[in-house]
$ cat my_file_19.pdb   # PDB, C-alpha atoms
ATOM      1  CA  MET A 245       0.000   0.000   0.000
ATOM      2  CA  ALA A 246       1.270   3.457  -0.941
ATOM      3  CA  TYR A 247       1.239   5.969   1.916
ATOM      4  CA  ASN A 248       0.747   9.684   1.484
ATOM      5  CA  GLY A 249       3.854  11.178   3.114
ATOM      6  CA  ARG A 250       2.098  14.320   4.344
ATOM      7  CA  LEU A 251      -0.723  12.377   5.982
ATOM      8  CA  LEU A 252       1.669   9.789   7.413
ATOM      9  CA  ALA A 253       3.637  12.628   9.009
ATOM     10  CA  LYS A 254       0.405  13.894  10.608
ATOM     11  CA  ALA A 255      -0.354  10.407  11.911
ATOM     12  CA  ARG A 256       3.126  10.218  13.445
ATOM     13  CA  GLU A 257       2.555  13.613  15.063
ATOM     14  CA  ARG A 258      -0.638  12.281  16.679
ATOM     15  CA  LEU A 259       1.284   9.238  17.884
ATOM     16  CA  GLU A 260       4.023  11.439  19.330
ATOM     17  CA  GLU A 261       1.366  13.476  21.140
ATOM     18  CA  ARG A 262       0.065  10.261  22.708
ATOM     19  CA  ARG A 263       3.578   9.320  23.800
ATOM     20  CA  ALA A 264       4.085  12.750  25.350
ATOM     21  CA  ASP A 265       0.746  12.555  27.177
ATOM     22  CA  ASN A 266       1.543   9.078  28.485
ATOM     23  CA  LEU A 267       4.989  10.171  29.643
ATOM     24  CA  ALA A 268       3.495  13.184  31.418
ATOM     25  CA  GLU A 269       0.958  10.946  33.161
ATOM     26  CA  HIS A 270       3.698   8.539  34.194
ATOM     27  CA  GLN A 271       5.738  11.385  35.666
ATOM     28  CA  ARG A 272       2.660  12.666  37.495
ATOM     29  CA  ARG A 273       2.112   9.263  39.078
ATOM     30  CA  LEU A 274       5.761   9.004  40.102
ATOM     31  CA  SER A 275       5.586  12.417  41.735
ATOM     32  CA  ILE A 276       2.478  11.452  43.714
ATOM     33  CA  ILE A 277       3.858   8.102  44.887
ATOM     34  CA  TYR A 278       7.314   9.436  45.765
ATOM     35  CA  SER A 279       5.769  12.146  47.921
ATOM     36  CA  ARG A 280       3.345   9.765  49.634
ATOM     37  CA  ILE A 281       5.547   6.658  49.863
ATOM     38  CA  PRO A 282       9.232   7.780  49.977
ATOM     39  CA  GLU A 283      10.376   4.186  50.425
ATOM     40  CA  ILE A 284       9.325   3.436  46.814
ATOM     41  CA  GLN A 285      11.586   6.213  45.528
ATOM     42  CA  ARG A 286      14.488   4.696  47.473
ATOM     43  CA  ILE A 287      13.686   1.290  45.966
ATOM     44  CA  ASP A 288      13.577   2.734  42.442
ATOM     45  CA  ASN A 289      16.920   4.481  42.956
ATOM     46  CA  SER A 290      18.468   1.248  44.201
ATOM     47  CA  MET A 291      17.121  -0.734  41.230
ATOM     48  CA  ARG A 292      18.516   1.828  38.791
ATOM     49  CA  SER A 293      21.885   1.512  40.485
ATOM     50  CA  GLN A 294      21.634  -2.251  40.143
ATOM     51  CA  MET A 295      20.991  -1.944  36.396
ATOM     52  CA  THR A 296      24.046   0.260  36.059
ATOM     53  CA  GLU A 297      26.105  -2.292  37.975
ATOM     54  CA  ILE A 298      24.863  -5.121  35.725
ATOM     55  CA  VAL A 299      25.974  -3.170  32.645
ATOM     56  CA  ARG A 300      29.388  -2.549  34.198
ATOM     57  CA  LEU A 301      29.801  -6.200  35.126
ATOM     58  CA  THR A 302      28.708  -7.348  31.672
ATOM     59  CA  LEU A 303      31.551  -5.329  30.144
ATOM     60  CA  SER A 304      34.096  -6.552  32.669
ATOM     61  CA  LYS A 305      36.142  -9.763  32.458
ATOM     62  CA  ALA A 306      35.792 -10.778  36.100
ATOM     63  CA  PRO A 307      35.780 -14.589  36.500
ATOM     64  CA  ASP A 308      32.688 -14.547  38.728
ATOM     65  CA  VAL A 309      30.678 -12.085  36.622
ATOM     66  CA  LYS A 310      27.740 -14.479  36.067
ATOM     67  CA  GLU A 311      27.352 -15.207  39.770
ATOM     68  CA  ARG A 312      27.506 -11.529  40.690
ATOM     69  CA  ILE A 313      24.946 -10.561  38.058
ATOM     70  CA  SER A 314      22.658 -13.371  39.221
ATOM     71  CA  ALA A 315      22.893 -12.111  42.820
ATOM     72  CA  ILE A 316      21.980  -8.567  41.708
ATOM     73  CA  GLN A 317      19.007  -9.899  39.752
ATOM     74  CA  ASP A 318      17.779 -11.779  42.804
ATOM     75  CA  ARG A 319      17.976  -8.614  44.907
ATOM     76  CA  ASN A 320      16.162  -6.745  42.139
ATOM     77  CA  LEU A 321      13.283  -9.220  42.172
ATOM     78  CA  THR A 322      13.038  -8.877  45.942
ATOM     79  CA  MET A 323      12.838  -5.082  45.637
ATOM     80  CA  GLN A 324      10.153  -5.361  42.943
ATOM     81  CA  MET A 325       8.053  -7.484  45.307
ATOM     82  CA  GLN A 326       8.578  -4.964  48.142
ATOM     83  CA  LYS A 327       7.527  -2.146  45.797
ATOM     84  CA  ALA A 328       4.371  -4.001  44.735
ATOM     85  CA  GLU A 329       3.457  -4.700  48.365
ATOM     86  CA  LEU A 330       3.894  -1.029  49.277
ATOM     87  CA  LEU A 331       1.669   0.067  46.392
ATOM     88  CA  VAL A 332      -1.097  -2.398  47.253
ATOM     89  CA  SER A 333      -0.967  -1.614  50.963
ATOM     90  CA  ASN A 334      -1.448   2.060  50.139
ATOM     91  CA  GLY A 335      -4.407   1.439  47.805
ATOM     92  CA  TYR A 336      -2.689   1.419  44.407
ATOM     93  CA  PRO A 337      -2.563  -1.377  41.791
ATOM     94  CA  THR A 338       0.764  -3.143  41.377
ATOM     95  CA  ASP A 339       1.220  -1.746  37.843
ATOM     96  CA  TYR A 340       0.467   1.863  38.810
ATOM     97  CA  LEU A 341       4.053   2.987  38.150
ATOM     98  CA  ASP A 342       4.631   0.894  35.034
ATOM     99  CA  ASP A 343       5.409   2.713  31.785
ATOM    100  CA  ILE A 344       2.173   3.791  30.079
ATOM    101  CA  TYR A 345       1.566   2.911  26.414
ATOM    102  CA  SER A 346      -1.490   3.495  24.263
ATOM    103  CA  CYS A 347      -0.418   0.521  22.164
ATOM    104  CA  LYS A 348       0.960  -2.477  24.023
ATOM    105  CA  ILE A 349       2.165  -4.058  20.782
ATOM    106  CA  CYS A 350       4.629  -1.413  19.539
ATOM    107  CA  LYS A 351       4.878   0.592  22.785
ATOM    108  CA  ASP A 352       3.865   3.719  20.864
ATOM    109  CA  THR A 353       6.760   3.545  18.404
ATOM    110  CA  GLY A 354       4.378   2.974  15.497
ATOM    111  CA  LEU A 355       6.499   0.091  14.208
ATOM    112  CA  CYS A 356       6.316  -3.669  14.435
ATOM    113  CA  GLY A 357       9.659  -4.745  13.089
ATOM    114  CA  ASN A 358      10.022  -2.910   9.793
ATOM    115  CA  HIS A 359       6.291  -2.487   9.261
ATOM    116  CA  PRO A 360       3.781   0.111  10.493
ATOM    117  CA  CYS A 361       1.887  -1.004  13.575
ATOM    118  CA  GLU A 362      -1.908  -1.226  13.489
ATOM    119  CA  CYS A 363      -2.110   1.770  15.844
ATOM    120  CA  LEU A 364      -0.255   3.961  13.326
ATOM    121  CA  LYS A 365      -2.426   2.630  10.502
ATOM    122  CA  LYS A 366      -5.543   3.640  12.450
ATOM    123  CA  LEU A 367      -4.199   7.154  12.973
ATOM    124  CA  TYR A 368      -3.281   7.307   9.288
ATOM    125  CA  ASN A 369      -6.788   6.166   8.345
ATOM    126  CA  ALA A 370      -8.219   8.927  10.525
ATOM    127  CA  GLU A 371      -6.157  11.478   8.582
ATOM    128  CA  LEU A 372      -7.380   9.945   5.338
ATOM    129  CA  THR A 373     -10.957  10.273   6.522
ATOM    130  CA  ASN A 374     -10.351  13.923   7.403
ATOM    131  CA  GLU A 375      -8.900  14.381   3.932
ATOM    132  CA  VAL A 376     -12.209  13.398   2.353
ATOM    133  CA  GLY A 377     -14.218  15.143   5.054
ATOM    134  CA  THR A 378     -16.098  17.358   2.590
ATOM    135  CA  LEU A 379     -17.488  14.199   1.018
ATOM    136  CA  LEU A 380     -18.066  12.284   4.248
ATOM    137  CA  LYS A 381     -19.890  15.216   5.774
ATOM    138  CA  ASN A 382     -22.781  13.446   7.469
ATOM    139  CA  GLY A 383     -21.010  10.462   8.955
ATOM    140  CA  ASN A 384     -23.722   8.098   7.670
ATOM    141  CA  GLU A 385     -22.374   7.488   4.181
ATOM    142  CA  ASN A 386     -22.275   3.707   4.084
ATOM    143  CA  PHE A 387     -23.784   1.129   1.799
ATOM    144  CA  ASP A 388     -26.205  -0.157   4.431
ATOM    145  CA  ARG A 389     -28.042   3.166   4.329
ATOM    146  CA  PHE A 390     -28.631   3.146   0.585
ATOM    147  CA  ASN A 391     -32.391   2.652   0.199
ATOM    148  CA  LEU A 392     -33.567   1.183  -3.103
ATOM    149  CA  ASN A 393     -37.184   1.873  -2.113
ATOM    150  CA  PHE A 394     -36.690   5.489  -3.204
ATOM    151  CA  TYR A 395     -36.533   4.200  -6.779
ATOM    152  CA  SER A 396     -39.691   3.139  -8.581
ATOM    153  CA  ASP A 397     -40.318  -0.488  -9.482
ATOM    154  CA  GLN A 398     -42.353   0.633 -12.486
ATOM    155  CA  PRO A 399     -40.858   1.202 -15.961
ATOM    156  CA  ILE A 400     -40.005   4.753 -16.979
ATOM    157  CA  ALA A 401     -42.572   6.104 -19.456
ATOM    158  CA  ASN A 402     -42.016   4.914 -23.032
ATOM    159  CA  SER A 403     -39.186   2.601 -22.010
ATOM    160  CA  THR A 404     -38.469  -0.764 -20.458
ATOM    161  CA  VAL A 405     -36.090   0.721 -17.871
ATOM    162  CA  ILE A 406     -37.137  -0.013 -14.288
ATOM    163  CA  PRO A 407     -35.347   2.448 -11.951
ATOM    164  CA  ARG A 408     -35.112   0.087  -8.975
ATOM    165  CA  ASP A 409     -33.602  -2.707 -11.053
ATOM    166  CA  THR A 410     -31.135  -0.346 -12.693
ATOM    167  CA  MET A 411     -30.112   1.182  -9.386
ATOM    168  CA  LYS A 412     -29.695  -2.278  -7.850
ATOM    169  CA  MET A 413     -27.143  -2.970 -10.590
ATOM    170  CA  VAL A 414     -25.474   0.399  -9.927
ATOM    171  CA  PHE A 415     -25.370  -0.238  -6.188
ATOM    172  CA  ASP A 416     -23.867  -3.713  -6.634
ATOM    173  CA  SER A 417     -21.209  -2.331  -8.991
ATOM    174  CA  CYS A 418     -20.223   0.444  -6.572
ATOM    175  CA  LYS A 419     -20.085  -1.903  -3.600
ATOM    176  CA  LYS A 420     -17.970  -4.421  -5.504
ATOM    177  CA  PHE A 421     -15.603  -1.616  -6.555
ATOM    178  CA  ALA A 422     -15.124  -0.647  -2.886
ATOM    179  CA  ASP A 423     -14.862  -4.225  -1.599
ATOM    180  CA  VAL A 424     -12.307  -5.324  -4.195
ATOM    181  CA  PHE A 425     -10.198  -2.128  -4.139
ATOM    182  CA  PRO A 426      -7.288  -1.868  -4.871
ATOM    183  CA  GLU A 427      -7.420  -5.015  -7.021
ATOM    184  CA  VAL A 428     -10.342  -3.532  -8.971
ATOM    185  CA  GLN A 429      -9.516  -3.255 -12.657
ATOM    186  CA  THR A 430     -12.044  -0.593 -13.667
ATOM    187  CA  ASN A 431     -12.853   3.088 -13.281
ATOM    188  CA  LEU A 432     -16.388   4.372 -12.804
ATOM    189  CA  LEU A 433     -18.369   7.051 -14.610
ATOM    190  CA  LEU A 434     -21.564   7.840 -12.679
ATOM    191  CA  GLN A 435     -24.104   9.492 -14.978
ATOM    192  CA  GLY A 436     -27.553  10.837 -14.206
ATOM    193  CA  GLY A 437     -29.611  13.775 -13.013
ATOM    194  CA  THR A 438     -29.363  15.566  -9.692
ATOM    195  CA  GLY A 439     -30.495  13.921  -6.462
ATOM    196  CA  LEU A 440     -30.188  10.335  -7.660
ATOM    197  CA  GLY A 441     -27.406   9.201  -5.318
ATOM    198  CA  LYS A 442     -24.196   9.752  -7.269
ATOM    199  CA  THR A 443     -22.455  11.705  -4.505
ATOM    200  CA  PHE A 444     -23.796   9.412  -1.784
ATOM    201  CA  LEU A 445     -22.480   6.243  -3.418
ATOM    202  CA  SER A 446     -19.169   7.997  -4.154
ATOM    203  CA  ALA A 447     -18.948   8.761  -0.443
ATOM    204  CA  CYS A 448     -19.742   5.146   0.446
ATOM    205  CA  ILE A 449     -16.877   3.990  -1.758
ATOM    206  CA  ALA A 450     -14.558   6.654  -0.327
ATOM    207  CA  ARG A 451     -15.309   5.568   3.223
ATOM    208  CA  VAL A 452     -14.586   1.890   2.563
ATOM    209  CA  VAL A 453     -11.411   2.633   0.600
ATOM    210  CA  SER A 454     -10.064   5.147   3.127
ATOM    211  CA  GLU A 455     -10.788   2.808   6.045
ATOM    212  CA  LYS A 456      -8.653   0.203   4.283
ATOM    213  CA  GLY A 457      -5.796   2.682   4.537
ATOM    214  CA  TYR A 458      -5.708   3.976   0.968
ATOM    215  CA  SER A 459      -5.502   7.647   0.038
ATOM    216  CA  VAL A 460      -8.641   9.197  -1.422
ATOM    217  CA  CYS A 461      -8.962  12.631  -2.972
ATOM    218  CA  TYR A 462     -12.412  14.093  -3.543
ATOM    219  CA  ASP A 463     -13.202  17.383  -5.225
ATOM    220  CA  SER A 464     -15.647  19.030  -7.587
ATOM    221  CA  ALA A 465     -14.544  19.340 -11.191
ATOM    222  CA  SER A 466     -14.538  23.143 -11.001
ATOM    223  CA  SER A 467     -12.287  23.212  -7.925
ATOM    224  CA  ALA A 468      -9.983  20.414  -9.069
ATOM    225  CA  LEU A 469      -9.393  21.857 -12.533
ATOM    226  CA  GLU A 470      -8.926  25.337 -11.094
ATOM    227  CA  ALA A 471      -5.881  23.959  -9.242
ATOM    228  CA  PHE A 472      -4.219  23.155 -12.579
ATOM    229  CA  GLU A 473      -4.817  26.737 -13.694
ATOM    230  CA  LYS A 474      -3.466  28.177 -10.435
ATOM    231  CA  LYS A 475      -0.361  26.043 -10.758
ATOM    232  CA  LYS A 476       0.378  27.424 -14.225
ATOM    233  CA  PHE A 477      -0.460  31.054 -13.489
ATOM    234  CA  ALA A 478       0.560  31.293  -9.825
ATOM    235  CA  LYS A 479       1.263  34.850  -8.663
ATOM    236  CA  ASP A 480       3.919  33.839  -6.149
ATOM    237  CA  SER A 481       5.892  30.851  -4.919
ATOM    238  CA  GLU A 482       3.486  30.180  -2.047
ATOM    239  CA  GLU A 483       0.507  29.862  -4.383
ATOM    240  CA  PHE A 484       2.557  27.750  -6.782
ATOM    241  CA  ASP A 485       3.717  25.378  -4.030
ATOM    242  CA  LYS A 486       0.208  25.001  -2.627
ATOM    243  CA  SER A 487      -1.426  24.328  -5.991
ATOM    244  CA  SER A 488       1.418  22.033  -7.073
ATOM    245  CA  GLU A 489       1.052  19.939  -3.940
ATOM    246  CA  TYR A 490      -2.676  19.576  -4.525
ATOM    247  CA  VAL A 491      -2.288  18.734  -8.213
ATOM    248  CA  ASN A 492       0.320  16.105  -7.336
ATOM    249  CA  HIS A 493      -2.033  14.682  -4.714
ATOM    250  CA  MET A 494      -4.820  14.352  -7.291
ATOM    251  CA  LEU A 495      -2.476  12.689  -9.746
ATOM    252  CA  SER A 496      -0.922  10.238  -7.280
ATOM    253  CA  CYS A 497      -3.595   9.338  -4.677
ATOM    254  CA  ASP A 498      -4.909   5.782  -4.698
ATOM    255  CA  LEU A 499      -8.440   6.864  -5.623
ATOM    256  CA  MET A 500      -9.513  10.154  -7.200
ATOM    257  CA  ILE A 501     -13.197  11.111  -7.077
ATOM    258  CA  LEU A 502     -14.137  13.949  -9.426
ATOM    259  CA  ASP A 503     -17.638  15.230  -8.766
ATOM    260  CA  ASP A 504     -20.000  17.196 -11.021
ATOM    261  CA  LEU A 505     -18.021  17.022 -14.230
ATOM    262  CA  GLY A 506     -19.610  19.444 -16.668
ATOM    263  CA  THR A 507     -20.370  22.199 -14.147
ATOM    264  CA  GLU A 508     -16.913  23.806 -14.487
ATOM    265  CA  LEU A 509     -16.187  26.649 -16.906
ATOM    266  CA  SER A 510     -15.334  25.129 -20.257
ATOM    267  CA  THR A 511     -11.981  26.725 -21.024
ATOM    268  CA  PRO A 512      -8.943  25.364 -22.897
ATOM    269  CA  MET A 513      -7.066  25.326 -19.573
ATOM    270  CA  ALA A 514      -9.810  23.301 -17.868
ATOM    271  CA  VAL A 515      -9.962  20.803 -20.737
ATOM    272  CA  ASN A 516      -6.171  20.457 -20.684
ATOM    273  CA  GLY A 517      -6.194  19.952 -16.905
ATOM    274  CA  LEU A 518      -8.922  17.315 -17.185
ATOM    275  CA  TYR A 519      -6.978  15.435 -19.856
ATOM    276  CA  THR A 520      -3.814  15.550 -17.741
ATOM    277  CA  LEU A 521      -5.671  14.282 -14.681
ATOM    278  CA  ILE A 522      -7.440  11.420 -16.458
ATOM    279  CA  ASN A 523      -4.560  10.374 -18.709
ATOM    280  CA  THR A 524      -1.889  10.498 -16.003
ATOM    281  CA  ARG A 525      -3.936   8.361 -13.656
ATOM    282  CA  LEU A 526      -4.803   5.855 -16.387
ATOM    283  CA  VAL A 527      -1.180   5.545 -17.493
ATOM    284  CA  ASN A 528      -0.113   4.884 -13.894
ATOM    285  CA  GLY A 529      -2.939   2.429 -13.210
ATOM    286  CA  ARG A 530      -4.568   4.603 -10.528
ATOM    287  CA  ARG A 531      -8.321   4.320 -10.175
ATOM    288  CA  MET A 532     -10.802   7.107 -10.672
ATOM    289  CA  ILE A 533     -14.505   7.807 -10.183
ATOM    290  CA  ILE A 534     -16.183  10.621 -12.112
ATOM    291  CA  SER A 535     -19.763  11.743 -11.576
ATOM    292  CA  THR A 536     -21.664  13.945 -14.019
ATOM    293  CA  ASN A 537     -25.141  15.099 -14.911
ATOM    294  CA  CYS A 538     -24.143  15.019 -18.591
ATOM    295  CA  ASP A 539     -25.056  12.176 -20.917
ATOM    296  CA  SER A 540     -22.507  10.817 -23.371
ATOM    297  CA  LEU A 541     -23.662  13.111 -26.172
ATOM    298  CA  GLU A 542     -23.220  16.220 -24.039
ATOM    299  CA  LEU A 543     -19.810  15.040 -22.880
ATOM    300  CA  SER A 544     -18.722  14.658 -26.504
ATOM    301  CA  ARG A 545     -19.803  18.252 -27.165
ATOM    302  CA  ARG A 546     -17.956  19.680 -24.178
ATOM    303  CA  TYR A 547     -14.687  17.757 -24.248
ATOM    304  CA  SER A 548     -11.977  16.793 -26.690
ATOM    305  CA  PRO A 549     -12.018  13.463 -28.567
ATOM    306  CA  GLN A 550      -8.980  12.390 -26.504
ATOM    307  CA  ILE A 551     -10.897  12.828 -23.237
ATOM    308  CA  CYS A 552     -14.092  11.225 -24.545
ATOM    309  CA  SER A 553     -12.140   8.281 -25.907
ATOM    310  CA  ARG A 554     -10.732   7.593 -22.452
ATOM    311  CA  LEU A 555     -14.099   8.068 -20.760
ATOM    312  CA  GLU A 556     -15.665   5.670 -23.235
ATOM    313  CA  GLY A 557     -12.960   3.027 -23.255
ATOM    314  CA  GLU A 558     -11.512   3.091 -19.726
ATOM    315  CA  PHE A 559     -14.589   3.732 -17.544
ATOM    316  CA  VAL A 560     -17.595   1.591 -16.691
ATOM    317  CA  HIS A 561     -20.675   3.748 -17.247
ATOM    318  CA  LEU A 562     -23.249   3.483 -14.471
ATOM    319  CA  PRO A 563     -26.631   5.109 -15.282
ATOM    320  CA  PHE A 564     -28.463   6.739 -12.363
ATOM    321  CA  VAL A 565     -32.205   6.886 -13.047
ATOM    322  CA  GLY A 566     -35.360   7.787 -11.165
ATOM    323  CA  LYS A 567     -36.752  10.839  -9.422
ATOM    324  CA  ASP A 568     -34.849  13.347  -7.281
ATOM    325  CA  ILE A 569     -34.584  11.660  -3.873
ATOM    326  CA  ARG A 570     -34.262  15.014  -2.107
ATOM    327  CA  LEU A 571     -37.704  16.022  -3.390
ATOM    328  CA  ILE A 572     -39.156  12.637  -2.463
ATOM    329  CA  LYS A 573     -37.855  12.963   1.105
ATOM    330  CA  LYS A 574     -39.123  16.531   1.313
ATOM    331  CA  ASN A 575     -42.658  15.400   0.432
ATOM    332  CA  LEU A 576     -42.720  12.452   2.858
TER     333      LEU A 576
END

$ encode --input "my_file_19.pdb" --output "structure tokens"
Amino acid sequence: MAYNGRLLAKARERLEERRADNLAEHQRRLSIIYSRIPEIQRIDNSMRSQMTEIVRLTLSKAPDVKERISAIQDRNLTMQMQKAELLVSNGYPTDYLDDIYSCKICKDTGLCGNHPCECLKKLYNAELTNEVGTLLKNGNENFDRFNLNFYSDQPIANSTVIPRDTMKMVFDSCKKFADVFPEVQTNLLLQGGTGLGKTFLSACIARVVSEKGYSVCYDSASSALEAFEKKKFAKDSEEFDKSSEYVNHMLSCDLMILDDLGTELSTPMAVNGLYTLINTRLVNGRRMIISTNCDSLELSRRYSPQICSRLEGEFVHLPFVGKDIRLIKKNL
């Protein structure tokens, strides 16, 4: 799995904050116990001295080094028992002064051998979720909440298309895309009118993918393509660096979700940015989801043959049909 360096750094910062908090709590407990039970502080000082002596003996060549180290270890065990008895007799658990770790597996280092620990992965996933926070705005975007009953089981006038059946196929395709990711071999083009569930199902996919630990970038077409323009015509280095970072994120993230294609201003710069975004991701085998209110004919009118060729040949087209769910809910 490819990690986003910026988000991984944030996850490590959160982990370091936990370590600092745990260390502060440990020091607080030591201060309390040492003031209330001075004998425990004397025991701790003695045990530290014993550890120092063991290190010194280990480096020495004395003939009886093993026996002497064994004797120190025996005394150390005795002192540990005395310390535990003092804690219990004063109303504290025996592990009250043990080092505190949020993760017992990696001891808050974030590493298990040469691999990221599950605790670091969870923090990283949280940063990924924040990254797509504008899409996951309600917190209830999951496949279990997608209600097919909002789609009619009767054919659309003058056609054989049954909205509920079509949307069942769309739902199954979106769920499979999320479940199989990153092994999925397709990209998705979600097409249909407003209020039919395109953004909701995109969010469901984003949630599943991000919770797996993969980077997801979500943005509207107008905002995403504007970043390409800002990068080219930046007024200063700060604007250039910011737009460049975002463009690179869109090009390299594990999943790019481009919403509302066709609502952006149709300029040569926007078309060029769209081609760069789609083509670069396709060449590098990175998956993409595009949603649009435009049908294929309108897309062919708005965009270059190069873009339409890729949309036609490299994306699975999923038709969203039915009535605006927002209006249906409003009238319930």

$ atom_distance --input "my_file_19.pdb" --atom1 "CA of Ala253 in chain A" --atom2 "CA of Asn492 in chain A"
17.0 Å

$ resolve_selection --input "my_file_19.pdb" --expression "the PyMOL selection byres ((chain A and resi 470) around 12)" --output "PyMOL selection string"
chain A and resi 463-469+471-478+487-488+490-491+508-518

$ resolve_selection --input "my_file_19.pdb" --expression "the PyMOL selection byres ((chain A and resi 402-412) around 8)" --output "PyMOL selection string"
chain A and resi 392-393+395-401+413-416+563-566

$ resolve_selection --input "my_file_19.pdb" --expression "the PyMOL selection byres ((chain A and resi 423) around 12)" --output "number ranges by chain"
A: 387, 416-422, 424-428, 448-456

$ closest_residue --input "my_file_19.pdb" --among "A:Leu321, A:Ala255, A:Cys552, A:Leu440" --to "Cys361 in chain A" --atoms "all atoms listed in the file"
A:Ala255

$ closest_residue --input "my_file_19.pdb" --among "A:Asp480, A:Asp318, A:Glu489, A:Asp539" --to "Leu434 in chain A" --atoms "only C-alpha atoms"
A:Asp539

$ closest_residue --input "my_file_19.pdb" --among "A:Lys442, A:Lys327, A:Arg262, A:Lys305" --to "Ile281 in chain A" --atoms "all atoms listed in the file"
A:Lys327

$ atom_distance --input "my_file_19.pdb" --atom1 "CA of Ala268 in chain A" --atom2 "CA of Gly354 in chain A"
18.9 Å

$ residues_around --input "my_file_19.pdb" --residues "Ile284 in chain A" --least-positions-apart "4" --cutoff "9 Å" --atoms "only C-alpha atoms" --output "list in words"
Ile277, Tyr278, Asp288, Asn289, Gln326, Lys327, Leu330 and Leu331 of chain A

$ closest_residue --input "my_file_19.pdb" --among "A:Asp504, A:Ser314, A:Pro282, A:Lys567" --to "Gln294 in chain A" --atoms "all atoms listed in the file"
A:Ser314

$ atom_distance --input "my_file_19.pdb" --atom1 "CA of Ser535 in chain A" --atom2 "CA of Lys573 in chain A"
22.1 Å

$ residues_around --input "my_file_19.pdb" --residues "Leu495 in chain A" --least-positions-apart "4" --cutoff "8 Å" --atoms "all atoms listed in the file" --output "MDAnalysis selection string"
chainID A and resid 491 500 521 524:525

$ closest_residue --input "my_file_19.pdb" --among "A:Thr507, A:Arg256, A:Leu499, A:Tyr336" --to "Arg280 in chain A" --atoms "all atoms listed in the file"
A:Tyr336

$ residues_around --input "my_file_19.pdb" --residues "Glu269 in chain A" --least-positions-apart "3" --cutoff "12 Å" --atoms "only C-alpha atoms" --output "PDB file with C-alpha atoms, keeping the file's coordinate frame"
ATOM      1  CA  ARG A 262       0.065  10.261  22.708  1.00  0.00           C
ATOM      2  CA  ARG A 263       3.578   9.320  23.800  1.00  0.00           C
ATOM      3  CA  ALA A 264       4.085  12.750  25.350  1.00  0.00           C
ATOM      4  CA  ASP A 265       0.746  12.555  27.177  1.00  0.00           C
ATOM      5  CA  ASN A 266       1.543   9.078  28.485  1.00  0.00           C
ATOM      6  CA  ARG A 272       2.660  12.666  37.495  1.00  0.00           C
ATOM      7  CA  ARG A 273       2.112   9.263  39.078  1.00  0.00           C
ATOM      8  CA  LEU A 274       5.761   9.004  40.102  1.00  0.00           C
ATOM      9  CA  SER A 275       5.586  12.417  41.735  1.00  0.00           C
ATOM     10  CA  ILE A 276       2.478  11.452  43.714  1.00  0.00           C
ATOM     11  CA  TYR A 340       0.467   1.863  38.810  1.00  0.00           C
ATOM     12  CA  LEU A 341       4.053   2.987  38.150  1.00  0.00           C
ATOM     13  CA  ASP A 342       4.631   0.894  35.034  1.00  0.00           C
ATOM     14  CA  ASP A 343       5.409   2.713  31.785  1.00  0.00           C
ATOM     15  CA  ILE A 344       2.173   3.791  30.079  1.00  0.00           C
ATOM     16  CA  TYR A 345       1.566   2.911  26.414  1.00  0.00           C
ATOM     17  CA  SER A 346      -1.490   3.495  24.263  1.00  0.00           C
TER      18      SER A 346
END

$ closest_residue --input "my_file_19.pdb" --among "A:Lys574, A:Val332, A:Thr536, A:Leu432" --to "Gly557 in chain A" --atoms "only C-alpha atoms"
A:Leu432

$ axis_aligned_box --input "my_file_19.pdb" --around "range 551-560 of chain A" --padding-each-side "8 Å" --output "lines of an AutoDock Vina configuration file"
center_x = -14.2
center_y = 7.2
center_z = -21.3
size_x = 22.9
size_y = 27.2
size_z = 25.2

$ build_atoms --input "my_file_19.pdb" --residues "range 423-431 of chain A" --atoms "N, CA and C atoms" --output "short mmCIF file (atom, residue, chain, number, x, y, z; two decimals), in the frame of the given file"
data_model
loop_
_atom_site.label_atom_id
_atom_site.label_comp_id
_atom_site.auth_asym_id
_atom_site.auth_seq_id
_atom_site.Cartn_x
_atom_site.Cartn_y
_atom_site.Cartn_z
N ASP A 423 -15.29 -3.00 -2.29
CA ASP A 423 -14.86 -4.22 -1.60
C ASP A 423 -13.58 -4.79 -2.20
N VAL A 424 -13.44 -4.71 -3.51
CA VAL A 424 -12.31 -5.32 -4.20
C VAL A 424 -11.08 -4.40 -4.20
N PHE A 425 -11.30 -3.09 -4.06
CA PHE A 425 -10.20 -2.13 -4.14
C PHE A 425 -9.06 -2.55 -3.20
N PRO A 426 -7.79 -2.50 -3.65
CA PRO A 426 -7.29 -1.87 -4.87
C PRO A 426 -7.15 -2.80 -6.06
N GLU A 427 -7.57 -4.07 -5.91
CA GLU A 427 -7.42 -5.01 -7.02
C GLU A 427 -8.40 -4.75 -8.16
N VAL A 428 -9.36 -3.84 -7.94
CA VAL A 428 -10.34 -3.53 -8.97
C VAL A 428 -9.65 -3.07 -10.24
N GLN A 429 -10.16 -3.53 -11.37
CA GLN A 429 -9.52 -3.26 -12.66
C GLN A 429 -10.26 -2.22 -13.49
N THR A 430 -11.22 -1.53 -12.91
CA THR A 430 -12.04 -0.59 -13.67
C THR A 430 -12.05 0.78 -13.01
N ASN A 431 -12.52 1.76 -13.79
CA ASN A 431 -12.85 3.09 -13.28
C ASN A 431 -14.35 3.27 -13.47
#
